[in-house]
file model_31.txt (compact mmCIF, C-alpha atoms)
# COMPACT_ATOMS: atom_id res chain seq x y z
CA MET Q 16 -19.07 16.55 3.69
CA VAL Q 17 -15.92 15.69 1.75
CA ARG Q 18 -16.46 13.44 -1.27
CA VAL Q 19 -13.55 11.16 -2.16
CA LEU Q 20 -13.13 8.88 -5.17
CA LEU Q 21 -10.65 6.06 -4.52
CA ALA Q 22 -9.14 4.93 -7.82
CA ASP Q 23 -6.42 2.58 -6.61
CA PRO Q 24 -6.76 -1.15 -5.78
CA LEU Q 25 -4.79 -0.68 -2.55
CA ALA Q 26 -7.43 1.77 -1.34
CA HIS Q 27 -10.30 -0.68 -1.62
CA GLY Q 28 -9.55 -2.75 1.49
CA GLU Q 29 -11.72 -2.72 4.59
CA ASP Q 30 -8.81 -1.75 6.87
CA PHE Q 31 -7.98 1.31 4.78
CA CYS Q 32 -11.59 2.45 4.47
CA ALA Q 33 -12.20 2.01 8.22
CA ALA Q 34 -9.05 3.96 9.11
CA LEU Q 35 -9.95 6.75 6.67
CA ALA Q 36 -13.49 7.02 8.05
CA ALA Q 37 -12.07 7.28 11.57
CA GLY Q 38 -9.73 10.06 10.47
CA VAL Q 39 -12.34 12.02 8.50
CA PRO Q 40 -15.75 11.51 10.15
CA ASP Q 41 -17.77 13.62 7.67
CA LEU Q 42 -16.82 11.68 4.58
CA ALA Q 43 -18.40 10.03 1.55
CA THR Q 44 -16.26 7.60 -0.50
CA TRP Q 45 -16.63 5.69 -3.74
CA CYS Q 46 -14.28 3.01 -5.09
CA TRP Q 47 -13.70 3.22 -8.82
CA PRO Q 48 -15.36 2.13 -11.12
CA ASP Q 49 -18.22 3.20 -8.83
CA GLU Q 50 -18.57 6.97 -8.59
CA PRO Q 51 -21.13 9.57 -7.47
CA VAL Q 52 -24.33 9.62 -9.52
CA ASN Q 53 -23.65 13.18 -10.65
CA GLY Q 54 -19.93 12.47 -11.21
CA SER Q 55 -18.94 15.18 -8.75
CA TYR Q 56 -16.35 14.73 -5.98
CA ASP Q 57 -13.73 16.79 -4.14
CA VAL Q 58 -10.68 14.53 -3.77
CA LEU Q 59 -9.27 11.88 -6.09
CA ALA Q 60 -6.89 9.26 -4.65
CA ALA Q 61 -4.93 7.30 -7.27
CA TRP Q 62 -1.41 6.26 -8.21
CA GLN Q 63 -2.16 6.73 -11.90
CA LEU Q 64 -5.35 7.29 -13.88
CA PRO Q 65 -6.64 4.36 -15.94
CA ASP Q 66 -6.80 4.95 -19.68
CA ALA Q 67 -10.62 4.79 -19.62
CA PHE Q 68 -10.98 7.14 -16.66
CA PRO Q 69 -13.80 9.68 -17.18
CA PRO Q 70 -13.14 13.44 -17.35
CA LEU Q 71 -12.36 14.96 -13.97
CA PRO Q 72 -15.13 17.09 -12.45
CA ASP Q 73 -14.99 20.85 -11.94
CA SER Q 74 -15.49 20.21 -8.21
CA LEU Q 75 -12.10 18.48 -7.90
CA ALA Q 76 -9.97 20.33 -5.32
CA LEU Q 77 -7.13 17.86 -4.63
CA VAL Q 78 -5.40 14.83 -6.15
CA PHE Q 79 -3.77 12.46 -3.66
CA CYS Q 80 -1.05 10.22 -5.08
CA PHE Q 81 -1.31 6.72 -3.65
CA GLY Q 82 2.44 6.25 -3.71
CA ALA Q 83 5.73 7.96 -2.89
CA GLY Q 84 6.44 8.79 -6.53
CA ALA Q 85 3.89 11.03 -8.24
CA ASP Q 86 5.48 11.26 -11.70
CA HIS Q 87 2.59 9.42 -13.40
CA LEU Q 88 0.11 11.99 -12.14
CA LEU Q 89 2.39 14.98 -12.65
CA ALA Q 90 2.72 14.06 -16.32
CA ASP Q 91 -1.00 13.37 -16.87
CA PRO Q 92 -2.55 16.21 -18.92
CA ARG Q 93 -6.04 15.18 -17.77
CA ILE Q 94 -5.39 16.72 -14.34
CA PRO Q 95 -6.00 20.49 -14.54
CA SER Q 96 -3.02 22.61 -13.56
CA HIS Q 97 -5.07 24.48 -10.95
CA VAL Q 98 -5.58 21.27 -8.93
CA PRO Q 99 -2.78 20.60 -6.40
CA ILE Q 100 -1.21 17.14 -6.15
CA VAL Q 101 0.07 15.65 -2.91
CA ARG Q 102 1.86 12.37 -2.38
CA LEU Q 103 1.59 9.63 0.18
CA ILE Q 104 3.60 9.97 3.39
CA ASP Q 105 3.51 6.54 5.04
CA GLY Q 106 5.97 5.58 7.76
CA GLY Q 107 5.10 1.91 7.27
CA GLN Q 108 6.03 2.03 3.60
CA ALA Q 109 9.26 3.86 4.42
CA ALA Q 110 10.13 1.16 6.97
CA GLU Q 111 9.58 -1.59 4.37
CA LEU Q 112 11.91 0.15 1.93
CA ALA Q 113 14.50 0.58 4.68
CA ASP Q 114 14.28 -3.18 5.32
CA TYR Q 115 14.90 -3.82 1.61
CA VAL Q 116 17.95 -1.54 1.62
CA CYS Q 117 19.39 -3.13 4.78
CA HIS Q 118 18.84 -6.60 3.31
CA ALA Q 119 20.93 -5.63 0.27
CA ALA Q 120 23.67 -4.07 2.43
CA PHE Q 121 23.97 -7.23 4.52
CA ALA Q 122 23.97 -9.31 1.32
CA PHE Q 123 27.01 -7.31 0.22
CA LEU Q 124 28.84 -8.10 3.47
CA LEU Q 125 28.21 -11.82 2.99
CA ASP Q 126 29.16 -11.77 -0.72
CA ASP Q 127 25.72 -13.25 -1.15
CA GLN Q 128 25.52 -13.08 -4.93
CA LYS Q 129 28.72 -15.09 -5.41
CA TYR Q 130 27.31 -17.95 -3.38
CA ARG Q 131 23.95 -17.80 -5.14
CA ILE Q 132 25.78 -18.16 -8.46
CA ASP Q 133 27.89 -20.99 -7.04
CA GLN Q 134 24.76 -22.78 -5.81
CA ALA Q 135 23.09 -22.49 -9.23
CA ARG Q 136 26.20 -24.04 -10.80
CA GLY Q 137 26.63 -26.72 -8.17
CA VAL Q 138 30.04 -25.33 -7.19
CA TRP Q 139 31.51 -25.59 -3.67
CA ALA Q 140 33.97 -22.67 -3.52
CA PRO Q 141 34.24 -21.12 -0.07
CA VAL Q 142 36.32 -17.97 0.33
CA PHE Q 143 38.14 -17.79 3.65
CA ALA Q 144 39.35 -14.20 3.34
CA ARG Q 145 38.48 -11.80 6.14
CA ARG Q 146 35.03 -10.28 5.67
CA ARG Q 147 34.47 -6.56 5.74
CA THR Q 148 32.66 -5.29 8.81
CA ARG Q 149 29.66 -2.99 8.82
CA ALA Q 150 31.80 -0.11 10.04
CA GLU Q 151 34.17 -0.64 7.10
CA ALA Q 152 31.47 -0.88 4.43
CA ARG Q 153 30.43 2.42 2.90
CA VAL Q 154 26.86 2.96 1.72
CA ALA Q 155 25.82 5.94 -0.42
CA VAL Q 156 22.11 6.84 -0.35
CA LEU Q 157 20.70 9.08 -3.08
CA GLY Q 158 17.63 10.96 -1.89
CA LEU Q 159 16.82 12.35 1.55
CA GLY Q 160 13.08 12.68 1.45
CA PRO Q 161 11.06 10.86 4.15
CA ILE Q 162 11.89 7.44 2.64
CA GLY Q 163 15.56 8.16 1.99
CA MET Q 164 15.93 9.60 5.47
CA THR Q 165 14.40 6.47 7.00
CA ALA Q 166 16.69 4.18 4.98
CA ALA Q 167 19.84 6.19 5.68
CA THR Q 168 19.23 6.36 9.42
CA ALA Q 169 18.42 2.62 9.54
CA LEU Q 170 21.71 1.82 7.82
CA ALA Q 171 23.63 4.09 10.18
CA ALA Q 172 21.88 2.55 13.19
CA ALA Q 173 22.93 -0.89 11.93
CA GLY Q 174 26.56 0.25 11.96
CA PHE Q 175 27.27 1.04 8.30
CA ARG Q 176 29.20 4.13 7.21
CA VAL Q 177 26.60 6.20 5.39
CA HIS Q 178 26.93 9.09 2.98
CA ALA Q 179 23.77 10.64 1.56
CA TRP Q 180 23.06 12.99 -1.32
CA SER Q 181 20.10 15.25 -2.05
CA ARG Q 182 19.42 17.94 -4.60
CA THR Q 183 19.10 20.56 -1.87
CA PRO Q 184 21.05 20.71 1.43
CA ARG Q 185 19.98 18.41 4.28
CA GLN Q 186 21.54 17.76 7.68
CA VAL Q 187 21.24 14.31 9.29
CA LYS Q 188 22.93 13.44 12.57
CA GLY Q 189 25.59 10.77 12.16
CA ILE Q 190 25.50 10.88 8.34
CA GLU Q 191 27.76 12.86 6.04
CA THR Q 192 25.53 14.66 3.57
CA PHE Q 193 26.17 16.18 0.14
CA SER Q 194 23.97 18.29 -2.09
CA GLY Q 195 23.92 19.66 -5.63
CA LEU Q 196 24.90 17.83 -8.80
CA GLU Q 197 28.49 19.03 -8.41
CA ARG Q 198 28.82 16.96 -5.18
CA LEU Q 199 27.12 13.79 -6.41
CA GLY Q 200 30.40 12.13 -7.38
CA ASP Q 201 31.94 13.01 -4.01
CA CYS Q 202 29.07 11.26 -2.23
CA VAL Q 203 29.36 7.97 -4.13
CA ASP Q 204 33.14 7.91 -4.52
CA GLY Q 205 34.41 4.51 -3.34
CA ALA Q 206 30.98 3.37 -2.12
CA ASP Q 207 30.45 -0.37 -1.65
CA VAL Q 208 26.65 -0.09 -1.87
CA LEU Q 209 24.77 2.54 -3.87
CA VAL Q 210 21.09 3.06 -2.97
CA ASN Q 211 18.77 5.11 -5.17
CA LEU Q 212 15.64 6.55 -3.53
CA LEU Q 213 15.35 9.73 -5.58
CA PRO Q 214 12.15 11.09 -7.07
CA LEU Q 215 12.05 11.24 -10.86
CA ALA Q 216 12.77 14.71 -12.21
CA PRO Q 217 14.47 16.01 -15.38
CA GLU Q 218 17.78 16.35 -13.53
CA THR Q 219 17.62 12.82 -12.05
CA ALA Q 220 16.54 10.89 -15.17
CA GLY Q 221 19.40 8.61 -16.24
CA ILE Q 222 21.42 9.42 -13.12
CA LEU Q 223 22.40 5.77 -12.59
CA ALA Q 224 24.82 5.60 -15.49
CA ALA Q 225 28.45 4.85 -16.39
CA PRO Q 226 30.02 8.01 -14.87
CA LEU Q 227 28.46 7.23 -11.49
CA PHE Q 228 29.22 3.51 -11.66
CA ALA Q 229 32.89 4.28 -12.35
CA ARG Q 230 33.13 6.14 -9.01
CA LEU Q 231 32.03 3.09 -6.99
CA ALA Q 232 34.34 0.56 -5.39
CA PRO Q 233 34.91 -2.45 -7.70
CA GLY Q 234 32.23 -5.08 -7.13
CA ALA Q 235 29.82 -2.64 -5.46
CA TYR Q 236 26.15 -3.49 -5.03
CA LEU Q 237 23.47 -1.28 -6.61
CA VAL Q 238 20.01 -0.97 -5.04
CA SER Q 239 17.58 0.74 -7.41
CA LEU Q 240 14.31 1.62 -5.66
CA GLY Q 241 13.43 4.92 -7.33
CA ARG Q 242 12.06 4.87 -10.87
CA GLY Q 243 13.04 2.81 -13.88
CA LYS Q 244 13.98 5.95 -15.82
CA HIS Q 245 16.72 6.68 -13.31
CA LEU Q 246 18.67 3.71 -14.65
CA ASP Q 247 20.74 3.48 -17.84
CA GLU Q 248 20.18 -0.22 -18.47
CA ALA Q 249 22.92 -0.57 -21.08
CA ALA Q 250 25.44 1.03 -18.72
CA LEU Q 251 24.34 -1.30 -15.92
CA ARG Q 252 24.77 -4.36 -18.10
CA GLU Q 253 28.28 -3.31 -19.07
CA ALA Q 254 29.21 -2.54 -15.45
CA LEU Q 255 27.91 -5.95 -14.31
CA ASP Q 256 29.75 -7.82 -17.06
CA MET Q 257 32.99 -5.95 -16.27
CA GLY Q 258 32.65 -6.64 -12.53
CA GLN Q 259 32.47 -2.95 -11.60
CA ILE Q 260 29.07 -3.73 -10.11
CA GLY Q 261 28.93 -7.09 -8.36
CA CYS Q 262 25.16 -7.27 -7.95
CA ALA Q 263 22.13 -5.11 -8.68
CA PHE Q 264 18.90 -5.25 -6.70
CA ILE Q 265 16.26 -3.75 -9.02
CA ASP Q 266 12.67 -3.04 -7.97
CA ALA Q 267 11.59 -0.37 -10.49
CA PHE Q 268 11.78 -0.61 -14.27
CA ALA Q 269 11.26 1.64 -17.26
CA GLU Q 270 8.65 -0.82 -18.55
CA GLU Q 271 6.40 -2.64 -16.09
CA PRO Q 272 5.68 -5.50 -16.07
CA LEU Q 273 9.20 -6.29 -17.21
CA PRO Q 274 8.96 -8.13 -20.59
CA SER Q 275 9.69 -11.85 -20.32
CA THR Q 276 12.41 -11.49 -22.97
CA HIS Q 277 14.31 -8.78 -21.10
CA TRP Q 278 17.97 -9.57 -20.41
CA MET Q 279 17.66 -8.77 -16.70
CA TRP Q 280 15.62 -11.89 -16.01
CA SER Q 281 18.51 -14.21 -16.77
CA HIS Q 282 21.53 -12.16 -15.72
CA PRO Q 283 23.25 -13.99 -12.83
CA ARG Q 284 24.13 -10.78 -10.99
CA ILE Q 285 20.69 -9.20 -10.91
CA ARG Q 286 18.05 -9.65 -8.21
CA LEU Q 287 14.60 -8.62 -9.43
CA THR Q 288 11.51 -7.76 -7.42
CA PRO Q 289 8.27 -6.64 -9.14
CA HIS Q 290 7.99 -3.11 -7.68
CA ILE Q 291 7.10 -4.34 -4.20
CA GLY Q 292 10.04 -2.90 -2.26
CA GLY Q 293 7.70 -0.85 -0.10
CA LEU Q 294 3.92 -1.01 -0.35
CA PRO Q 295 1.54 1.50 1.23
CA THR Q 296 0.12 0.24 4.51
CA PRO Q 297 -3.64 0.60 5.01
CA GLU Q 298 -3.37 2.56 8.25
CA GLY Q 299 -0.47 4.75 7.14
CA ALA Q 300 -2.06 5.55 3.78
CA ALA Q 301 -5.38 6.40 5.45
CA ARG Q 302 -3.65 8.72 7.92
CA SER Q 303 -1.80 10.45 5.08
CA LEU Q 304 -4.96 10.99 3.05
CA ALA Q 305 -6.88 12.14 6.14
CA ALA Q 306 -4.13 14.68 6.92
CA ALA Q 307 -4.30 16.03 3.36
CA ILE Q 308 -8.10 16.36 3.54
CA ASP Q 309 -7.90 18.10 6.91
CA ALA Q 310 -5.33 20.58 5.56
CA LEU Q 311 -7.53 21.21 2.52
CA GLN Q 312 -10.53 21.94 4.73
CA GLN Q 313 -8.54 24.20 7.05
CA GLY Q 314 -6.76 26.06 4.27
CA ALA Q 315 -3.46 24.95 5.81
CA PRO Q 316 -0.27 23.90 3.95
CA LEU Q 317 -0.82 20.56 2.24
CA PRO Q 318 1.47 17.76 3.52
CA GLY Q 319 3.45 15.99 0.81
CA LEU Q 320 2.77 18.70 -1.77
CA VAL Q 321 4.44 17.89 -5.12
CA ARG Q 322 2.57 20.36 -7.32
CA THR Q 323 1.02 23.58 -6.18
CA ALA Q 324 -2.20 24.87 -7.64
CA ALA Q 325 -1.71 27.12 -10.64
CA PRO Q 326 -4.06 30.10 -10.93
CA THR Q 327 -7.49 29.08 -12.17
CA PRO Q 328 -7.94 30.12 -15.80
CA SER Q 329 -10.23 33.15 -16.11
call {"tool": "encode", "arguments": {"input": "model_31.txt", "output": "structure tokens"}}
result
Amino acid sequence: MVRVLLADPLAHGEDFCAALAAGVPDLATWCWPDEPVNGSYDVLAAWQLPDAFPPLPDSLALVFCFGAGADHLLADPRIPSHVPIVRLIDGGQAAELADYVCHAAFAFLLDDQKYRIDQARGVWAPVFARRRTRAEARVAVLGLGPIGMTAATALAAAGFRVHAWSRTPRQVKGIETFSGLERLGDCVDGADVLVNLLPLAPETAGILAAPLFARLAPGAYLVSLGRGKHLDEAALREALDMGQIGCAFIDAFAEEPLPSTHWMWSHPRIRLTPHIGGLPTPEGAARSLAAAIDALQQGAPLPGLVRTAAPTPS
């Protein structure tokens, strides 16, 4: 029997637990703060560990990240290095994020932010210039993992011209791809919409900064769905005030919840959402965790592996 401790609020729902039980018949689960009487379990599912979380047991064989970004867990010294970490792979979550990205791309076509500002000011100022078509608008997507791939292909299917960048080479039918830091500027050069779906890593921290913004088409839209530490906030503010960026859709922040005094709340060219761009779906999350448990039991490659197991200290 596999023993699983669920330490994430999204894992406590009846739909998730029922789907997980169907995927792993021989299973015992506890929802934190409940835990096994002896404190021993095999798999921990969490997005991040609470401050008051008890020491992890020696029996722990796998940590499952209840989200697409595992940086909180990767940086947590309480997780022994010999325990592998896998991340959520949820097609439903990827589809939600693709919807968010497409919404922002269509908002660009309609010059949506201008009219939102006009409405707030009570100004009737229609612009009768010819609108750009989808085929003329260029969207640059940073990140080609499962979520970035879903978003890029959805944009291309909707008729946008899509370029995509990843740290390592990827090939996607109908999309021009770039890889390596030396090609990042080529990917975003002249883009009308810049979408960030990268994981957080030392080489991607602060990647959304002035040098990248300067390569965009004037008035471009930014869609930041990765991590808050990807974004240079001071550079964004300057780019917005100069008109280099016409609107920024921001869903992830360096500090969450965003402080009520933060300048982004009141900036007229920023659209904020409280890190809800794509939420794990109960069925998709359960399938992902069940697949990880099955691979663990079979000794097969772990799906969504973000940190391999280091040798156990002797």
call {"tool": "residues_around", "arguments": {"input": "model_31.txt", "residues": "Glu50 in chain Q", "least_positions_apart": "2", "cutoff": "12 Å", "atoms": "only C-alpha atoms", "output": "PyMOL selection string"}}
result
chain Q and resi 18-22+43-48+52-59+68-69+71-72
call {"tool": "closest_residue", "arguments": {"input": "model_31.txt", "among": "Q:Arg136, Q:His27, Q:Arg131, Q:His290", "to": "Glu271 in chain Q", "atoms": "all atoms listed in the file"}}
result
Q:His290
call {"tool": "closest_atom_pairs", "arguments": {"input": "model_31.txt", "of": "range 216-304 of chain Q", "to": "range 104-113 of chain Q", "cutoff": "10 Å", "atoms": "all atoms listed in the file", "output": "tab-separated table"}}
result
residue	atom	partner	partner_atom	distance
Q:Leu240	CA	Q:Leu112	CA	8.1
Q:Ile291	CA	Q:Leu112	CA	9.0
Q:Gly292	CA	Q:Leu112	CA	5.5
Q:Gly293	CA	Q:Leu112	CA	4.8
Q:Leu294	CA	Q:Gln108	CA	5.4
Q:Pro295	CA	Q:Gln108	CA	5.1
Q:Thr296	CA	Q:Gly107	CA	5.9
Q:Pro297	CA	Q:Gly107	CA	9.1
Q:Glu298	CA	Q:Gly107	CA	8.6
Q:Gly299	CA	Q:Asp105	CA	4.8
Q:Ala300	CA	Q:Asp105	CA	5.8
Q:Ala301	CA	Q:Asp105	CA	8.9
Q:Arg302	CA	Q:Asp105	CA	8.0
Q:Ser303	CA	Q:Ile104	CA	5.7
Q:Leu304	CA	Q:Ile104	CA	8.6
call {"tool": "residues_around", "arguments": {"input": "model_31.txt", "residues": "Gly319 in chain Q", "least_positions_apart": "6", "cutoff": "8 Å", "atoms": "all atoms listed in the file", "output": "number ranges by chain"}}
result
Q: 101-104
call {"tool": "atom_distance", "arguments": {"input": "model_31.txt", "atom1": "CA of Ile132 in chain Q", "atom2": "CA of Ser281 in chain Q"}}
result
11.7 Å
call {"tool": "residues_around", "arguments": {"input": "model_31.txt", "residues": "range 169-179 of chain Q", "least_positions_apart": "6", "cutoff": "9 Å", "atoms": "all atoms listed in the file", "output": "mmCIF file with C-alpha atoms, in the frame of the given file"}}
result
data_model
loop_
_atom_site.group_PDB
_atom_site.id
_atom_site.type_symbol
_atom_site.label_atom_id
_atom_site.label_comp_id
_atom_site.auth_asym_id
_atom_site.auth_seq_id
_atom_site.Cartn_x
_atom_site.Cartn_y
_atom_site.Cartn_z
ATOM 1 C CA ALA Q 110 10.130 1.160 6.970
ATOM 2 C CA ALA Q 113 14.500 0.580 4.680
ATOM 3 C CA ASP Q 114 14.280 -3.180 5.320
ATOM 4 C CA VAL Q 116 17.950 -1.540 1.620
ATOM 5 C CA CYS Q 117 19.390 -3.130 4.780
ATOM 6 C CA ALA Q 120 23.670 -4.070 2.430
ATOM 7 C CA THR Q 148 32.660 -5.290 8.810
ATOM 8 C CA ARG Q 149 29.660 -2.990 8.820
ATOM 9 C CA ALA Q 150 31.800 -0.110 10.040
ATOM 10 C CA GLU Q 151 34.170 -0.640 7.100
ATOM 11 C CA ALA Q 152 31.470 -0.880 4.430
ATOM 12 C CA ARG Q 153 30.430 2.420 2.900
ATOM 13 C CA VAL Q 154 26.860 2.960 1.720
ATOM 14 C CA ALA Q 155 25.820 5.940 -0.420
ATOM 15 C CA VAL Q 156 22.110 6.840 -0.350
ATOM 16 C CA LEU Q 157 20.700 9.080 -3.080
ATOM 17 C CA GLY Q 158 17.630 10.960 -1.890
ATOM 18 C CA LEU Q 159 16.820 12.350 1.550
ATOM 19 C CA GLY Q 163 15.560 8.160 1.990
ATOM 20 C CA VAL Q 187 21.240 14.310 9.290
ATOM 21 C CA GLY Q 189 25.590 10.770 12.160
ATOM 22 C CA ILE Q 190 25.500 10.880 8.340
ATOM 23 C CA GLU Q 191 27.760 12.860 6.040
ATOM 24 C CA THR Q 192 25.530 14.660 3.570
ATOM 25 C CA PHE Q 193 26.170 16.180 0.140
ATOM 26 C CA SER Q 194 23.970 18.290 -2.090
ATOM 27 C CA CYS Q 202 29.070 11.260 -2.230
ATOM 28 C CA VAL Q 203 29.360 7.970 -4.130
ATOM 29 C CA ALA Q 206 30.980 3.370 -2.120
#
call {"tool": "atom_distance", "arguments": {"input": "model_31.txt", "atom1": "CA of Pro141 in chain Q", "atom2": "CA of Phe264 in chain Q"}}
result
23.0 Å
call {"tool": "atom_distance", "arguments": {"input": "model_31.txt", "atom1": "CA of Cys262 in chain Q", "atom2": "CA of Gly195 in chain Q"}}
result
27.1 Å
call {"tool": "closest_residue", "arguments": {"input": "model_31.txt", "among": "Q:Pro51, Q:Gly84, Q:Pro92, Q:Pro283", "to": "Ala216 in chain Q", "atoms": "all atoms listed in the file"}}
result
Q:Gly84
